[in-house]
Each structure stands twice: as structure tokens, then as C-alpha cells.
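Visitor: My structure is below; once you've seen it, I'll send some questions.
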Amino acid sequence: MIIRVKKDKNYAVMSNYHFKDKTLSLRAKGLLSLMLSLPDDWDYSINGLSSICKESREIIRKTLQELKNNHYLEMKECHDENGRFFYDYTIYEIPDIHPIVPFWVSGFSVYGILDIIKYLINKVLKNNR
């Protein structure tokens, strides 16, 4: 039996795509779900995430890397006005395998086809382990 609550406060709406992605660890699915449930202006840094998680900073760092490797997360290195380093995070509910660099072959536009092929091969290999 599943006992559900009335969803009128304190709930999040998100795609369930990542829950069915067999290439993600349970830890990555949980962290991604947590990140998707937070406000857009949340501090998504390792320190910010570790302040609301039981896991260590190192585990969170490794899990963020897993999300990045599986195209659920982009991390852009930035500097603030004082020159301090930080990451700007882009979080995806569905893996982002958008074309990176377009080029032309015999009149056809091919967008990052090698990146897409590499991504699909990795997905197949991980699923067959």
C-alpha cells in the first residue's frame, strides 16, 4: 500500500526520466531530484549542497561529476567581481546532448554527430554490464 499526501504545499514537480535512467546511480538520482526541488537561486555549490545533505563534500563532488558525465549537469567556471572562483550550474531534467558545433557535409548539416554517437555507445555499454 502507498499512502500519499495531498499535494498542495511542500512538493516538487519534475520529470521522472532520470529515475528510469539505468546509467545513473541511486545516489545521483537522489541528488538530481534534490537539486531539481530547490529554488533556482539556491547555492548549488558543494558547500551549499553539503549543508542540507548527510553525504560528505567528496561524495557530493563525485556525484556531481557523475551527473556531469551523464549530461544532466553543466558546470561553467566563473569568477566574481573580487576574482574568486565559483561554478555556474545548469541542471537538466533530461540529459542534454545538444549539438555543440555544426558543420556541413555534402550539403547536410551535421550537429556534433560524433558526440551523440559517443554518448549513445556509452549508454549501451553501461546498460549491458
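Going through the C-alpha cells in order, the chains are called A, B, and so on, while each chain numbers its residues from 1 and the ligands are numbered from 1 in the order shown.
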Show me, as JSON, numbers by chain, the residues that have an atom within 12 Å of A:Arg61 when counting only C-alpha atoms, minus same-chain residues fewer than 3 positions from it.
Guide: {"A": [27, 28, 31, 44, 45, 46, 47, 48, 49, 50, 55, 56, 57, 58, 64, 65, 66, 67, 68, 75]}
Visitor: Got time to write the residues from that selection, C-alpha atoms, as a short mmCIF file (atom, residue, chain, number, x, y, z; two decimals), in the first residue's frame?
Guide:
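As written to disk, selection.cif reads:
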```cif
data_model
loop_
_atom_site.label_atom_id
_atom_site.label_comp_id
_atom_site.auth_asym_id
_atom_site.auth_seq_id
_atom_site.Cartn_x
_atom_site.Cartn_y
_atom_site.Cartn_z
CA ARG A 27 22.88 8.47 -5.24
CA ALA A 28 22.95 10.53 -8.48
CA LEU A 31 20.98 14.35 -5.68
CA TYR A 44 24.31 24.71 -5.77
CA SER A 45 27.95 24.69 -4.71
CA ILE A 46 29.38 21.65 -2.95
CA ASN A 47 29.25 23.61 0.30
CA GLY A 48 25.65 24.64 -0.30
CA LEU A 49 24.56 21.09 -1.11
CA SER A 50 26.53 19.55 1.75
CA GLU A 55 26.91 12.88 2.50
CA SER A 56 30.42 14.31 2.63
CA ARG A 57 31.67 17.03 0.32
CA GLU A 58 33.76 14.41 -1.52
CA LEU A 64 28.05 15.95 -9.37
CA GLN A 65 30.75 14.58 -11.67
CA GLU A 66 28.54 11.55 -12.42
CA LEU A 67 25.66 13.87 -13.31
CA LYS A 68 28.01 15.90 -15.49
CA MET A 75 29.44 23.32 -14.71
#
```
Visitor: Write down as a count of residues only the residues belonging to stretch 69-104 of chain A that are assigned strand (DSSP E or B) by DSSP computed on the backbone.
Guide: 17
Visitor: Need to verify the contact set: A:Leu32, 10 Å, only C-alpha atoms, exclusion of same-chain residues closer than 4 positions in sequence. Can you return it as a PyMOL selection string?
Guide: chain A and resi 18-19+26-28+36-37+63-64+67+72-73+91-93
Visitor: For A:Met35, which residue out of A:Val13, A:Asp80, A:Lys22, A:Ile97 is the nearest one, using only C-alpha atoms?
Guide: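 Of the candidates, the smallest distance to A:Met35 is held by A:Val13.
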Visitor: Please report the interatomic distance between atom CA of A:Val5 and atom CA of A:Ser33 in Å with one decimal.
Guide: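 We find that atom CA of A:Val5 and atom CA of A:Ser33 lie 18.3 Å from each other.
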